[in-house]
>>> print(open('target_20.txt').read())   # compact mmCIF, C-alpha atoms
# COMPACT_ATOMS: atom_id res chain seq x y z
CA MET A 371 -43.30 146.11 138.38
CA ILE A 372 -40.82 143.41 137.39
CA SER A 373 -41.72 140.35 135.36
CA ARG A 374 -39.69 137.30 134.47
CA CYS A 375 -41.99 135.16 132.39
CA GLY A 376 -41.67 133.53 128.97
CA PRO A 377 -44.26 133.16 126.24
CA ALA A 378 -45.84 130.07 127.82
CA VAL A 379 -47.45 132.39 130.37
CA LEU A 380 -48.94 134.54 127.64
CA GLU A 381 -50.33 131.66 125.62
CA ASP A 382 -53.11 131.06 128.16
CA ARG A 383 -54.12 134.71 128.41
CA SER A 384 -56.78 136.39 126.33
CA VAL A 385 -55.89 139.08 123.81
CA ASP A 386 -57.71 141.68 125.90
CA VAL A 387 -55.56 140.98 128.95
CA ALA A 388 -52.32 141.10 126.97
CA VAL A 389 -53.23 144.40 125.32
CA GLU A 390 -54.23 145.85 128.67
CA LEU A 391 -50.84 145.00 130.10
CA GLY A 392 -49.11 147.11 127.45
CA GLY A 393 -45.45 147.00 126.48
CA MET A 394 -42.61 146.25 128.86
CA ALA A 395 -39.45 148.31 129.13
CA VAL A 396 -35.87 147.20 128.46
CA VAL A 397 -32.98 149.04 130.13
CA THR A 398 -29.72 148.88 128.18
CA VAL A 399 -26.48 148.97 130.16
CA GLN A 400 -23.66 150.01 127.82
CA VAL A 401 -20.28 149.12 129.33
CA GLY A 402 -16.89 150.10 127.96
CA GLN A 403 -16.01 151.64 124.61
CA CYS A 404 -17.56 148.91 122.47
CA GLY A 405 -20.71 148.67 124.58
CA SER A 406 -21.18 152.44 124.46
CA GLN A 407 -20.72 152.61 120.70
CA VAL A 408 -22.86 149.60 119.75
CA GLY A 409 -25.56 150.63 122.23
CA SER A 410 -25.67 154.17 120.87
CA GLU A 411 -25.94 152.90 117.28
CA LEU A 412 -28.69 150.46 118.31
CA LEU A 413 -30.77 153.18 119.97
CA THR A 414 -30.33 155.40 116.93
CA HIS A 415 -31.66 152.63 114.64
CA LEU A 416 -34.64 152.10 116.95
CA TRP A 417 -35.39 155.82 117.24
CA ARG A 418 -35.21 156.50 113.51
CA ASP A 419 -37.33 153.49 112.67
CA ALA A 420 -40.02 154.51 115.16
CA HIS A 421 -40.05 158.02 113.67
CA ASP A 422 -39.92 156.95 110.04
CA ALA A 423 -42.04 159.40 108.03
CA LEU A 424 -43.43 156.47 106.04
CA LEU A 425 -45.01 155.12 109.21
CA GLY A 426 -47.56 157.94 109.38
CA SER A 427 -50.58 157.18 111.51
CA ARG A 428 -51.39 153.74 110.10
CA ASP A 429 -49.55 151.87 112.82
CA ARG A 430 -49.47 153.95 115.96
CA ASP A 431 -49.18 150.79 118.06
CA TYR A 432 -45.85 149.96 116.41
CA ARG A 433 -44.34 153.35 117.25
CA GLU A 434 -45.67 153.40 120.80
CA THR A 435 -44.54 149.84 121.52
CA SER A 436 -41.06 150.53 120.15
CA LEU A 437 -40.59 153.78 122.06
CA GLU A 438 -42.02 152.41 125.30
CA ARG A 439 -39.50 149.58 125.25
CA PHE A 440 -36.36 151.62 124.92
CA PHE A 441 -37.23 155.27 125.61
CA GLY A 442 -38.85 156.82 128.68
CA LEU A 443 -40.70 160.10 129.19
CA CYS A 444 -39.33 162.94 131.30
CA ALA A 445 -41.43 165.55 133.12
CA GLN A 446 -41.35 167.87 130.09
CA GLY A 447 -42.85 165.18 127.88
CA LYS A 448 -39.62 164.55 125.97
CA ARG A 449 -38.29 161.04 125.50
CA TYR A 450 -34.89 159.84 126.65
CA ALA A 451 -33.18 156.47 126.27
CA ARG A 452 -33.72 153.87 128.97
CA ALA A 453 -29.97 153.38 129.09
CA VAL A 454 -26.95 153.63 131.35
CA LEU A 455 -23.52 154.53 129.94
CA VAL A 456 -20.50 153.20 131.85
CA ASP A 457 -16.79 153.49 131.12
CA MET A 458 -13.60 154.06 133.05
CA GLU A 459 -12.60 156.76 130.57
CA PRO A 460 -14.71 159.74 129.44
CA LYS A 461 -14.01 159.71 125.69
CA ALA A 462 -16.42 156.98 124.54
CA VAL A 463 -19.21 158.15 126.85
CA ARG A 464 -18.97 161.74 125.66
CA ALA A 465 -18.89 160.58 122.05
CA SER A 466 -22.07 158.51 122.58
CA LEU A 467 -23.85 161.45 124.22
CA ALA A 468 -22.93 163.68 121.29
CA SER A 469 -23.90 161.04 118.72
CA ALA A 470 -27.33 160.70 120.32
CA ARG A 471 -27.95 164.44 120.13
CA ARG A 472 -26.99 164.50 116.43
CA ALA A 473 -29.42 161.64 115.77
CA GLY A 474 -32.30 163.51 117.40
CA TRP A 475 -32.64 161.65 120.70
CA SER A 476 -30.91 161.92 124.05
CA TYR A 477 -29.78 160.06 127.14
CA HIS A 478 -31.13 160.99 130.55
CA PRO A 479 -28.99 163.80 132.05
CA HIS A 480 -27.89 161.52 134.90
CA SER A 481 -27.46 158.28 132.96
CA ALA A 482 -23.68 158.40 132.37
CA PHE A 483 -20.90 157.23 134.68
CA TYR A 484 -17.21 157.49 133.86
CA GLN A 485 -13.81 157.94 135.47
CA GLN A 486 -10.50 159.32 134.22
CA ARG A 487 -8.49 156.10 133.81
CA GLY A 488 -9.14 152.85 132.01
CA SER A 489 -8.88 149.25 133.15
CA GLY A 490 -5.62 148.44 131.36
CA ASN A 491 -7.25 145.65 129.29
CA ASN A 492 -7.29 143.63 132.51
CA TRP A 493 -10.47 141.70 133.36
CA ALA A 494 -9.39 141.41 136.98
CA TYR A 495 -9.09 145.18 137.36
CA GLY A 496 -12.45 145.83 135.74
CA TYR A 497 -14.17 143.12 137.77
CA GLY A 498 -12.41 143.32 141.12
CA VAL A 499 -11.20 146.90 141.43
CA ALA A 500 -13.57 149.03 139.33
CA GLY A 501 -16.50 146.74 140.10
CA THR A 502 -15.93 146.91 143.84
CA GLN A 503 -15.20 150.62 143.92
CA TRP A 504 -17.86 151.90 141.53
CA GLY A 505 -20.44 149.14 141.24
CA LYS A 506 -22.81 150.70 143.79
CA ASP A 507 -22.68 154.07 142.03
CA VAL A 508 -23.57 152.52 138.69
CA MET A 509 -26.37 150.49 140.24
CA ALA A 510 -27.82 153.69 141.68
CA ILE A 511 -28.14 155.02 138.11
CA VAL A 512 -29.69 151.73 137.00
CA ARG A 513 -32.15 151.96 139.88
CA MET A 514 -33.18 155.43 138.73
CA GLN A 515 -33.93 154.06 135.25
CA VAL A 516 -35.87 151.09 136.62
CA GLU A 517 -38.03 153.37 138.78
CA GLN A 518 -39.15 155.16 135.62
CA CYS A 519 -40.48 151.91 134.08
CA ASP A 520 -44.13 151.03 134.56
CA ARG A 521 -43.29 147.41 133.73
CA LEU A 522 -39.71 146.18 133.48
CA ALA A 523 -39.00 143.35 131.04
CA GLY A 524 -35.32 143.23 131.97
CA PHE A 525 -31.85 144.39 131.05
CA LEU A 526 -29.66 144.38 127.95
CA PRO A 527 -26.02 144.75 129.09
CA MET A 528 -23.74 145.37 126.11
CA LEU A 529 -19.98 144.82 126.21
CA SER A 530 -16.89 143.59 124.43
CA LEU A 531 -15.00 140.48 125.51
CA ALA A 532 -11.57 141.90 124.67
CA GLY A 533 -10.70 144.74 127.03
CA GLY A 534 -10.85 145.26 130.78
CA THR A 535 -13.80 147.57 131.38
CA GLY A 536 -16.35 145.96 129.08
CA SER A 537 -15.43 142.39 129.97
CA GLY A 538 -14.49 142.77 133.64
CA LEU A 539 -16.76 145.56 134.87
CA GLY A 540 -19.49 144.35 132.50
CA SER A 541 -19.37 140.90 134.12
CA ARG A 542 -19.51 142.38 137.62
CA LEU A 543 -22.44 144.66 136.76
CA THR A 544 -24.34 141.72 135.25
CA GLN A 545 -23.92 139.83 138.52
CA LEU A 546 -25.05 142.89 140.51
CA LEU A 547 -28.13 143.17 138.27
CA ARG A 548 -28.94 139.52 138.96
CA ASP A 549 -28.53 140.02 142.72
CA GLU A 550 -30.67 143.17 142.88
CA TYR A 551 -33.31 142.14 140.32
CA PRO A 552 -33.57 138.34 140.62
CA LYS A 553 -36.91 138.19 138.76
CA ALA A 554 -35.88 140.42 135.85
CA LEU A 555 -34.52 138.92 132.66
CA ILE A 556 -30.92 139.65 131.69
CA VAL A 557 -29.92 139.18 128.06
CA ASN A 558 -26.31 140.19 127.42
CA HIS A 559 -24.90 141.18 124.08
CA VAL A 560 -21.17 140.54 123.66
CA THR A 561 -18.82 141.40 120.81
CA TRP A 562 -16.15 138.78 120.20
CA PRO A 563 -12.69 140.23 119.43
CA PHE A 564 -10.80 139.72 116.18
CA SER A 565 -9.02 136.37 116.09
CA SER A 566 -5.87 138.15 114.94
CA GLY A 567 -5.74 139.76 118.36
CA GLU A 568 -6.87 143.15 119.61
CA VAL A 569 -5.36 142.62 123.06
CA ILE A 570 -2.69 140.09 123.97
CA VAL A 571 -4.71 138.82 126.95
CA GLN A 572 -8.07 138.85 125.17
CA SER A 573 -8.45 135.07 125.49
CA TYR A 574 -8.20 135.36 129.27
CA ASN A 575 -10.68 138.24 129.32
CA ALA A 576 -13.14 136.48 127.04
CA MET A 577 -13.11 133.20 128.99
CA LEU A 578 -13.44 134.86 132.39
CA SER A 579 -16.32 136.98 131.07
CA LEU A 580 -18.25 134.17 129.42
CA ALA A 581 -17.97 131.97 132.51
CA ALA A 582 -19.33 134.78 134.69
CA LEU A 583 -22.15 135.58 132.24
CA HIS A 584 -23.10 131.92 131.93
CA ASP A 585 -24.13 131.95 135.60
CA ALA A 586 -25.71 135.41 135.74
CA SER A 587 -27.44 135.85 132.34
CA ASP A 588 -30.58 134.28 130.96
CA ALA A 589 -29.07 134.42 127.45
CA VAL A 590 -25.96 135.78 125.72
CA LEU A 591 -26.29 137.22 122.21
CA PHE A 592 -22.99 137.33 120.36
CA HIS A 593 -21.40 138.85 117.27
CA GLU A 594 -17.89 138.06 116.10
CA ASN A 595 -15.81 140.93 114.74
CA ASP A 596 -14.19 138.71 112.10
CA GLY A 597 -17.53 137.79 110.53
CA VAL A 598 -18.98 141.29 110.70
CA HIS A 599 -15.79 142.75 109.20
CA ASP A 600 -16.02 140.30 106.28
CA THR A 601 -19.65 141.26 105.73
CA CYS A 602 -18.75 144.94 105.55
CA ARG A 603 -16.18 144.18 102.86
CA GLN A 604 -18.08 141.63 100.81
CA HIS A 605 -21.65 142.91 101.05
CA LEU A 606 -21.41 146.60 101.91
CA GLY A 607 -18.53 147.32 99.53
CA LEU A 608 -16.24 148.84 102.17
CA ALA A 609 -12.60 148.32 101.27
CA ARG A 610 -11.33 149.05 104.78
CA PRO A 611 -14.17 148.80 107.31
CA GLY A 612 -13.61 150.67 110.55
CA LEU A 613 -14.94 149.94 114.02
CA ARG A 614 -17.80 152.35 113.44
CA ASP A 615 -18.88 150.40 110.34
CA ILE A 616 -18.73 147.14 112.29
CA ASN A 617 -20.65 148.55 115.25
CA ARG A 618 -23.30 150.02 112.98
CA LEU A 619 -23.92 146.68 111.26
CA ILE A 620 -24.10 144.87 114.61
CA ALA A 621 -26.64 147.44 115.77
CA GLN A 622 -28.68 146.96 112.60
CA HIS A 623 -28.85 143.21 113.25
CA LEU A 624 -30.00 143.78 116.83
CA ALA A 625 -32.59 146.36 115.83
CA THR A 626 -34.04 144.04 113.20
CA MET A 627 -34.77 141.46 115.89
CA MET A 628 -35.79 143.84 118.68
CA GLN A 629 -38.37 146.04 117.04
CA PRO A 630 -42.03 145.05 117.60
CA ALA A 631 -43.24 141.88 115.89
CA HIS A 632 -46.14 139.47 116.26
CA PRO A 633 -45.45 136.03 117.71
CA HIS A 634 -46.68 133.62 115.05
CA THR A 635 -49.85 132.58 116.91
CA LEU A 636 -50.81 135.97 118.35
CA PRO A 637 -52.46 138.99 116.66
CA PHE A 638 -50.68 141.63 118.77
CA TYR A 639 -47.12 142.78 119.31
CA SER A 640 -45.13 140.93 121.95
CA CYS A 641 -45.42 142.84 125.23
CA ASP A 642 -42.46 141.03 126.82
CA PRO A 643 -39.64 141.01 124.23
CA LEU A 644 -36.93 139.49 126.42
CA GLY A 645 -39.29 136.92 127.96
CA ASP A 646 -40.57 135.79 124.58
CA LEU A 647 -37.04 135.67 123.18
CA THR A 648 -35.58 133.54 125.97
CA GLY A 649 -38.72 131.43 126.20
CA SER A 650 -38.42 130.58 122.51
CA LEU A 651 -34.68 129.98 122.38
CA VAL A 652 -33.39 128.81 125.77
CA PRO A 653 -35.02 125.51 126.77
CA SER A 654 -32.30 124.66 129.29
CA PRO A 655 -29.79 126.70 131.37
CA GLU A 656 -27.00 124.70 129.73
CA PHE A 657 -27.68 126.36 126.37
CA ARG A 658 -27.64 130.17 126.51
CA LEU A 659 -25.47 131.26 123.58
CA LEU A 660 -27.35 132.91 120.71
CA SER A 661 -25.90 133.99 117.36
CA VAL A 662 -27.57 136.85 115.49
CA GLN A 663 -27.78 137.30 111.71
CA ALA A 664 -29.89 139.60 109.55
CA VAL A 665 -30.50 140.10 105.83
CA PRO A 666 -30.37 141.87 103.47
CA GLU A 667 -26.95 143.42 103.91
CA LEU A 668 -26.61 145.84 101.01
CA ALA A 669 -24.58 148.89 100.08
CA GLU A 670 -26.69 152.05 99.91
CA ARG A 671 -25.98 152.55 96.22
CA ILE A 672 -27.70 149.30 95.16
CA ARG A 673 -30.74 149.30 97.46
CA ASP A 674 -33.02 150.97 94.93
CA PHE A 675 -32.12 148.36 92.31
CA THR A 676 -32.67 145.32 94.51
CA CYS A 677 -35.49 142.82 94.06
CA TYR A 678 -36.52 141.47 97.44
CA LEU A 679 -37.64 137.83 97.44
CA TRP A 680 -38.26 135.75 100.55
CA THR A 681 -36.75 132.76 98.80
CA SER A 682 -33.36 134.42 98.32
CA LEU A 683 -33.35 136.16 101.71
CA LEU A 684 -34.00 132.95 103.62
CA ARG A 685 -31.51 131.07 101.46
CA ASP A 686 -28.89 133.65 102.48
CA LEU A 687 -29.69 133.02 106.13
CA SER A 688 -29.57 129.25 105.68
CA THR A 689 -26.32 129.00 103.73
CA ASP A 690 -24.40 132.01 105.01
CA SER A 691 -20.76 130.95 105.31
CA ARG A 692 -20.36 133.30 108.28
CA ARG A 693 -22.84 131.30 110.34
CA CYS A 694 -21.52 129.05 113.07
CA ASN A 695 -23.34 125.96 111.77
CA PRO A 696 -24.82 126.64 108.31
CA VAL A 697 -28.15 124.91 107.77
CA LYS A 698 -27.63 121.74 105.76
CA SER A 699 -29.06 118.29 105.35
CA THR A 700 -27.56 116.17 108.10
CA SER A 701 -28.64 113.64 110.66
CA ARG A 702 -26.65 115.45 113.33
CA PRO A 703 -28.32 118.37 115.16
CA SER A 704 -26.64 121.70 114.38
CA CYS A 705 -28.34 123.84 117.04
CA VAL A 706 -30.78 123.80 119.95
CA SER A 707 -33.40 126.21 118.61
CA ARG A 708 -34.02 129.09 116.19
CA LEU A 709 -36.06 132.29 116.15
CA LEU A 710 -36.90 133.79 112.74
CA VAL A 711 -38.15 137.39 112.51
CA LEU A 712 -39.74 138.38 109.17
CA ARG A 713 -40.46 142.04 108.34
CA GLY A 714 -42.13 143.58 105.32
CA LYS A 715 -44.55 142.55 102.58
CA ASP A 716 -46.11 139.13 102.21
CA THR A 717 -44.52 137.52 105.27
CA GLY A 718 -47.19 134.83 105.05
CA SER A 719 -45.72 133.61 101.76
CA ALA A 720 -42.22 133.01 103.15
CA GLU A 721 -41.12 129.37 103.00
CA TYR A 722 -38.88 128.43 105.91
CA ALA A 723 -39.28 124.65 106.06
CA GLU A 724 -35.53 124.11 105.84
CA LEU A 725 -34.95 126.19 108.96
CA ALA A 726 -37.62 124.17 110.77
CA ALA A 727 -36.33 120.72 109.75
CA PRO A 728 -36.53 118.42 112.82
CA SER A 729 -33.10 116.96 111.98
CA SER A 730 -31.55 120.36 112.82
CA PHE A 731 -32.54 120.07 116.47
CA PRO A 732 -31.92 117.56 119.28
CA ALA A 733 -34.44 114.75 119.67
CA TRP A 734 -35.55 116.13 123.04
CA VAL A 735 -36.78 119.38 121.42
CA PRO A 736 -40.44 119.00 120.34
CA PRO A 737 -40.78 119.55 116.56
CA GLU A 738 -43.06 122.57 117.03
CA ARG A 739 -40.52 124.21 119.37
CA GLY A 740 -37.43 124.00 117.18
CA LEU A 741 -38.25 127.08 115.09
CA THR A 742 -40.26 130.05 116.37
CA VAL A 743 -41.45 132.67 113.88
CA TRP A 744 -42.31 136.33 114.53
CA THR A 745 -43.66 138.60 111.79
CA CYS A 746 -44.37 142.27 111.14
CA SER A 747 -45.91 143.65 107.96
CA ARG A 748 -44.09 146.95 108.30
CA PRO A 749 -40.77 147.26 106.37
CA PHE A 750 -37.64 147.95 108.38
CA GLY A 751 -34.45 149.85 107.66
CA GLY A 752 -35.42 150.99 104.17
CA HIS A 753 -35.82 147.41 102.91
CA GLU A 754 -39.05 146.14 101.41
CA LYS A 755 -38.38 142.80 103.10
CA SER A 756 -35.91 141.81 105.79
CA ALA A 757 -35.28 138.95 108.18
CA ALA A 758 -33.31 138.19 111.31
CA LEU A 759 -32.31 134.76 112.55
CA LEU A 760 -31.28 133.97 116.12
CA THR A 761 -29.79 130.55 116.68
CA ASN A 762 -28.93 128.80 119.92
CA GLU A 763 -25.49 127.41 119.04
CA VAL A 764 -21.89 127.49 120.16
CA PRO A 765 -19.69 130.35 118.81
CA PRO A 766 -17.06 129.01 116.39
CA SER A 767 -14.37 131.03 118.19
CA LEU A 768 -15.05 129.58 121.62
CA ASN A 769 -12.96 126.45 121.20
CA ASP A 770 -9.95 128.34 119.79
CA SER A 771 -10.16 131.04 122.45
CA LEU A 772 -10.32 128.46 125.21
CA ARG A 773 -7.35 126.59 123.76
CA ARG A 774 -5.30 129.80 123.60
CA ALA A 775 -6.26 130.67 127.15
CA TRP A 776 -5.17 127.22 128.35
CA ASP A 777 -1.84 127.51 126.49
CA MET A 778 -1.12 130.89 128.05
CA PHE A 779 -2.20 129.73 131.49
CA ASN A 780 -0.03 126.60 131.36
CA ALA A 781 2.92 128.89 130.63
CA ARG A 782 1.67 131.22 133.42
CA ALA A 783 1.84 134.08 130.91
CA TYR A 784 0.52 137.36 132.36
CA VAL A 785 -1.22 135.49 135.19
CA HIS A 786 0.53 137.69 137.76
CA GLN A 787 -1.28 140.75 136.35
CA TYR A 788 -4.60 139.14 137.25
CA ILE A 789 -3.49 137.83 140.64
CA GLU A 790 -2.41 141.37 141.50
CA HIS A 791 -6.07 142.45 141.32
CA GLY A 792 -7.63 139.53 143.16
CA VAL A 793 -8.12 136.77 140.57
CA THR A 794 -6.61 133.46 141.68
CA GLU A 795 -5.37 130.53 139.63
CA ASP A 796 -8.40 128.61 140.86
CA ASP A 797 -10.62 131.29 139.31
CA PHE A 798 -8.98 130.64 135.95
CA LEU A 799 -9.42 126.89 136.31
CA SER A 800 -13.04 127.27 137.37
CA SER A 801 -13.83 129.47 134.36
CA PHE A 802 -12.13 127.07 131.96
CA SER A 803 -14.07 124.19 133.48
CA VAL A 804 -17.41 125.98 133.03
CA LEU A 805 -16.71 126.66 129.36
CA GLU A 806 -15.43 123.15 128.67
CA GLN A 807 -18.75 121.89 130.02
CA VAL A 808 -20.60 124.35 127.74
CA LEU A 809 -18.65 123.10 124.73
CA SER A 810 -19.30 119.48 125.69
CA SER A 811 -23.06 120.12 126.03
CA TYR A 812 -23.28 121.63 122.55
CA ARG A 813 -21.11 118.91 121.00
CA HIS A 814 -23.36 116.18 122.37
CA LEU A 815 -26.70 117.57 121.21
>>> encode(input="target_20.txt", output="structure tokens")
Amino acid sequence: MISRCGPAVLEDRSVDVAVELGGMAVVTVQVGQCGSQVGSELLTHLWRDAHDALLGSRDRDYRETSLERFFGLCAQGKRYARAVLVDMEPKAVRASLASARRAGWSYHPHSAFYQQRGSGNNWAYGYGVAGTQWGKDVMAIVRMQVEQCDRLAGFLPMLSLAGGTGSGLGSRLTQLLRDEYPKALIVNHVTWPFSSGEVIVQSYNAMLSLAALHDASDAVLFHENDGVHDTCRQHLGLARPGLRDINRLIAQHLATMMQPAHPHTLPFYSCDPLGDLTGSLVPSPEFRLLSVQAVPELAERIRDFTCYLWTSLLRDLSTDSRRCNPVKSTSRPSCVSRLLVLRGKDTGSAEYAELAAPSSFPAWVPPERGLTVWTCSRPFGGHEKSAALLTNEVPPSLNDSLRRAWDMFNARAYVHQYIEHGVTEDDFLSSFSVLEQVLSSYRHL
């Protein structure tokens, strides 16, 4: 059964009906090297949290809701991830399969698809060539996962915007998901490349991807490598953070927001995580870009000596210099909406009035809809208290990336490599136009 409904549908239902419905499943689609690595780390966080020895039997609902969302049951009674691994090279897929086994969980035996050559960091090849040639095969694996879900909430495609497979094939697969499952929710997670440049054509790849996802996705969660790298250095004490460190922190952020929590007005865990998320944060199809932050971010060696206070945690979220639009007193709206997830002790004592200030949101957003709060009394990730903040706002790198893409396109730099695989100059112009409209919409909140 497939559902595509937001929280407004649940508000009119009784508690008994909602509990009877049970949890809804999310199928992750991990595309390319980055998508495979971040997805694997995310599932490991979710698995370990659900099997935390401290959980015991006092909150069986939490464990069952968490596992039902992201892990299915095979005939032998063992759980496997509701996930599909996709890459045009075998290395990252094999590494993710091995990492899962070491962490104590596993992918379905038939959940991986890979080939023996990459996409050459070319969005057009990933989208037009690999997508056309292998899209049906990947969708057959997705279909197998969906058939194992009693109730499907939707899909979580995970990809990078830099290379060819994640950006190009990831965009094509997202469109195929929309075509085949029009009533299911699709919430993409994208990793923005380093501004210093991972790939010379990354601005092209990022713009073509975001334009495609804007039409096919219900929401796009994003992390920027620059900001996450700085966090690893400044807060985790890593002198030279590697990609694994960055991916692990991104996964921790995502897990903090995705584990079971109570919508503020309801006494039970959300049964439709993607529907409640998009219903709270995406009031209009024009605004689909969601930043993700989570606190605390601490090195292991100082966790035991840390005093957790809601005041300081929420202040960190509000003033974090890595945020796109730090919360501050201003008459100009800084975002469309926010979702705050509080986990741990005394969530009822947390003061978040600054995050809910009406001046932060456009006038057309009702005051009670600007900030949505979810809570869970159970600690997460070894922290006595933790919080995640999702904000509907424009990525700070979007304007610069679009400008670079325009500069390269005006010089016709590398355009022939895309034309060779079926992307026309009009496709570039159309993508740029879509993103200029997105930027304009956010600037005129």
>>> atom_distance(input="target_20.txt", atom1="atom CA of A:Val499", atom2="atom CA of A:Val808")
28.0 Å
>>> atom_distance(input="target_20.txt", atom1="atom CA of A:Ala465", atom2="atom CA of A:Glu411")
11.5 Å
>>> atom_distance(input="target_20.txt", atom1="atom CA of A:Tyr450", atom2="atom CA of A:Trp475")
6.6 Å
>>> residues_near_point(input="target_20.txt", point="(-43.0, 157.3, 128.3)", cutoff="12 Å", atoms="all atoms listed in the file", output="VMD selection string")
chain A and resid 392 to 395 433 to 452 515 518 to 521
>>> closest_atom_pairs(input="target_20.txt", of="stretch 491-534 of chain A", to="stretch 575-585 of chain A", cutoff="7 Å", atoms="all atoms listed in the file", output="tab-separated table")
residue	atom	partner	partner_atom	distance
A:Trp493	CA	A:Asn575	CA	5.3
A:Leu531	CA	A:Ala576	CA	4.7
A:Ala532	CA	A:Asn575	CA	6.0
A:Gly533	CA	A:Asn575	CA	6.9
>>> closest_residue(input="target_20.txt", among="A:Thr398, A:Asn617, A:Asn492, A:Gln485", to="A:His786", atoms="only C-alpha atoms")
A:Asn492
>>> residues_around(input="target_20.txt", residues="A:Ser682", least_positions_apart="5", cutoff="10 Å", atoms="all atoms listed in the file", output="PDB file with C-alpha atoms, keeping the file's coordinate frame")
ATOM      1  CA  VAL A 665     -30.500 140.100 105.830  1.00  0.00           C
ATOM      2  CA  PRO A 666     -30.370 141.870 103.470  1.00  0.00           C
ATOM      3  CA  CYS A 677     -35.490 142.820  94.060  1.00  0.00           C
ATOM      4  CA  LEU A 687     -29.690 133.020 106.130  1.00  0.00           C
ATOM      5  CA  SER A 688     -29.570 129.250 105.680  1.00  0.00           C
TER       6      SER A 688
END
>>> residues_around(input="target_20.txt", residues="A:Phe592", least_positions_apart="5", cutoff="8 Å", atoms="all atoms listed in the file", output="list in words")
His559, Val560, Thr561, Trp562, Leu659, Leu660, Ser661, Val662 and Pro765 of chain A
>>> axis_aligned_box(input="target_20.txt", around="stretch 607-611 of chain A", padding_each_side="5 Å", output="AutoDock Vina command-line options")
--center_x -14.9 --center_y 148.2 --center_z 103.4 --size_x 17.2 --size_y 11.7 --size_z 17.8
>>> closest_residue(input="target_20.txt", among="A:Asp777, A:Asp431, A:Asp419, A:Asp457", to="A:Gly538", atoms="only C-alpha atoms")
A:Asp457
>>> closest_residue(input="target_20.txt", among="A:Ala664, A:Ser801, A:Glu721, A:Thr745", to="A:Thr635", atoms="only C-alpha atoms")
A:Thr745
>>> residues_around(input="target_20.txt", residues="stretch 648-655 of chain A", least_positions_apart="3", cutoff="12 Å", atoms="only C-alpha atoms", output="number ranges by chain")
A: 374-381, 523-524, 555-558, 583-591, 633-634, 642-645, 658-661, 705-710, 731-732, 734-736, 738-744, 759-763, 808, 811-812
>>> closest_residue(input="target_20.txt", among="A:Ser481, A:Ser767, A:Gln503, A:Gln572", to="A:His593", atoms="only C-alpha atoms")
A:Ser767
